[in-house]
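Trainee: Handing you this structure, nothing more for now.
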Amino acid sequence: MRLTRYFLPVLRDTPKEAEIVSHRLMLRAGMIRQESAGIYAWLPLGLRVLNKVNAIVREEQNRSGAIELLMPTIQSADLWRESGRYDAYGKEMLRIKDRHEREMLFGPTNEEMITEIFRAYVKSYKDLPLNLYHIQWKFRDEVRPRFGVMRSREFLMKDAYSFDLDQAGARHAYNKMFVAYLRTFDRLGLKSIPMRADTGPIGGNLSHEFIVLASTGESEVFCHKDYLDFAVPGVDTDFDNIAGIQGIVDKWTSLYAATSEMHDVAAYEAIPAASRVSARGIEVGHIFYFGTKYSDPMMAVVNGPDGKETTVHMGSYGIGPSRVAAAAIEASHDDAGIIWPEAIAPFKVALLNLRQGDSSCDAACETLYRQLTAKGVDVLYDDREDRPGAKFATADLIGVPWQLMVGPKGLAEGKVELKRRVGGDRELLSPGDAVARFTA
RNA sequence: CGGAGUGUAGCGCAGUCUGGUAGCGCAUCUGCUUUGGGAGCAGAGGGUCGCGGGUUCAAAUCCUGCCACUCCGACCA
């Protein structure tokens, strides 16, 4: 992408409404724009990040055996009356009437709808297990939206729903998501720790929150230090190996880890003092097993092997990609701007023409830009007629992991300079070698 | 929903107390000079001062009603 043909409205000053660092930096980097309290437009740079997060979430959901579909944002009130939640949900649910005065709502979650879809088609235990997910916008009319997209009213959520014949099957479905989440957050470049959680209004009795540690996190968390060094399950993980998956979950739940709501001071203090971690964290994922809470009232049943109708056991599993983007910034930034994990960086490399208008610099940049683009590398070519300092500042602000500098001094030696966003190591190398460093 | 604030140019702010025809920095546009970490000079454009009502010869400023947004608290992916 050529910067002069892109839409990147970076701000030098911070809009005053932004208090926390991720909100400030997302506004300054031109990623988002607030349209209303807790409602944001995702500008091109922000959308790039969001899409990268989604792609990784999707890959790991698919790897674990979940299947993607897409449900609508607007739902019928009648559906929610079946589960009893239309009245129970309260003011957080945005209720709407259509032109025929029919009661509708903007979905805050999709248990009812997915259960309705399931029961319409699935009649046999032979079609189980099944895990369906989608990545769709949700609306929860928070009393007090804040922290930018971290706690917005409209937010993107990946929500998966599992269906199994019995509790043992559901437990495996839960475990698979547990492992998929470990892998997902690891690939997103985030250090996440599963913590035992309260099940809240969604209900059920088995639940974990996945918490990313960040000093500015909104909840206080306590855990055993060893979690920080646990190895994340690899790509070769066999999600059909029930005992193997259970083993991973057992390991990741063997030590103490809890948010302040579930905190057990005695259990925490049983840990040797040197191994205690008391920190702040951001919830980026939440998984629940809730049995027949919805399948029972909504009559989601299948014929079992014995020919009898059996109510299916369900679980639901959420990740907020829009929150993940903000959490990544909270966890990784400096005075100059964002430091993206490479996996979700909007661009992989910033090509900085340090003397725009100089024929040799321009020519070298054009060649580099073409070669990198041809390889499928996400490159942002800063071709503005600006001083170098302004280009460095922009590249730092938006957090591009690599900066490839082309200037007259280097070119005189036939070299360009490659630098990481962090660390400060600079390397002079030939343009061909620079291109060779990057893979799509 | 309780408490506290803020609304003046795209962004950050001054002006409001003490009423007199709207200003600064950044950004934008034009020209020239610059160019290895947010350039300099000269010129230009851009505002129903959140919205309505009132007081006054005159309102960004005083009174009043409303709206929006932010922060603290209770609540949450």
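The way I read the labels, and the way they are meant: chains A, B, ... in the order of the structure tokens, residue 1 as the first residue of every chain, and ligand 1 as the first ligand shown, with later ones counted on from there.
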Residues of chain A within 6 Å of chain B, counting only C-alpha atoms (C1' of nucleotides), what are they? List them as number ranges by chain.
Mentor: A: 13, 17, 320, 387, 389-390
Trainee: Could you give me, as a PyMOL selection string, each residue of segment 45-270 of chain A that DSSP assigns to alpha helix (DSSP H) when run on this structure's backbone?
Mentor: chain A and resi 45-63+77-83+85-88+111-121+167-187+242-252+265-269
Trainee: Pick out the residues sitting within 12 Å of Met298 of chain A, and hand them over as JSON, numbers by chain; count only C-alpha atoms (C1' of nucleotides), and ignore anything fewer than 3 positions along from it in its own chain.
Mentor: {"A": [78, 79, 80, 81, 82, 83, 84, 85, 111, 112, 113, 114, 115, 116, 117, 118, 119, 120, 292, 293, 294, 295, 301, 311, 312]}
Trainee: Got a sec: who's within 7 Å of Pro346 of chain A, counting only C-alpha atoms (C1' of nucleotides), leaving out chain neighbours fewer than 4 positions off, as number ranges by chain?
Mentor: A: 45, 48-49
Trainee: Based on the selection just made, write N, CA and C atoms of those residues as a compact mmCIF listing (two decimals), in the first residue's frame.
Mentor:
```txt
# COMPACT_ATOMS: atom_id res chain seq x y z
N LEU A 45 -6.89 0.96 8.82
CA LEU A 45 -5.80 0.34 9.56
C LEU A 45 -6.33 -0.59 10.66
N ARG A 48 -7.68 -3.82 9.22
CA ARG A 48 -6.62 -4.78 8.90
C ARG A 48 -6.27 -5.63 10.10
N VAL A 49 -6.14 -4.98 11.24
CA VAL A 49 -5.79 -5.72 12.46
C VAL A 49 -6.93 -6.68 12.82
```
Trainee: Would you kindly return, as number ranges by chain, each protein, DNA or RNA residue with an atom no farther than 8 Å from any atom of Arg2 of chain A, considering only C-alpha atoms (C1' of nucleotides) and excluding same-chain residues fewer than 4 positions away?
Mentor: A: 6, 380-383
Trainee: Using only C-alpha atoms (C1' of nucleotides), determine which residues lie at most 9 Å from G47 of chain B, disregarding the query and same-chain residues fewer than 5 positions distant; provide the list as number ranges by chain.
Mentor: B: 8-9, 22
Trainee: With only C-alpha atoms (C1' of nucleotides) as the counted atoms, please give the residues lying no more than 12 Å from Ser278 of chain A, apart from itself and same-chain residues fewer than 5 positions off, as JSON, numbers by chain.
Mentor: {"A": [213, 214, 215, 219, 220, 221, 222, 223, 224, 225, 256, 257, 258, 259, 260, 263, 265, 268, 269, 271, 273]}
Trainee: Among segment 41-147 of chain A, which ones does DSSP assign to strand (DSSP E or B) (computed from the backbone)? Answer as a list in words.
Mentor: Ala41, Trp42, Ile67, Glu68, Ile74, Gln75, Ser76, Leu94, Arg95, Ile96, Lys97, Glu103, Met104, Leu105, Phe106, Ser124, Leu130, Asn131, Leu132, Tyr133, His134, Ile135, Gln136, Trp137, Lys138, Phe139 and Arg146 of chain A
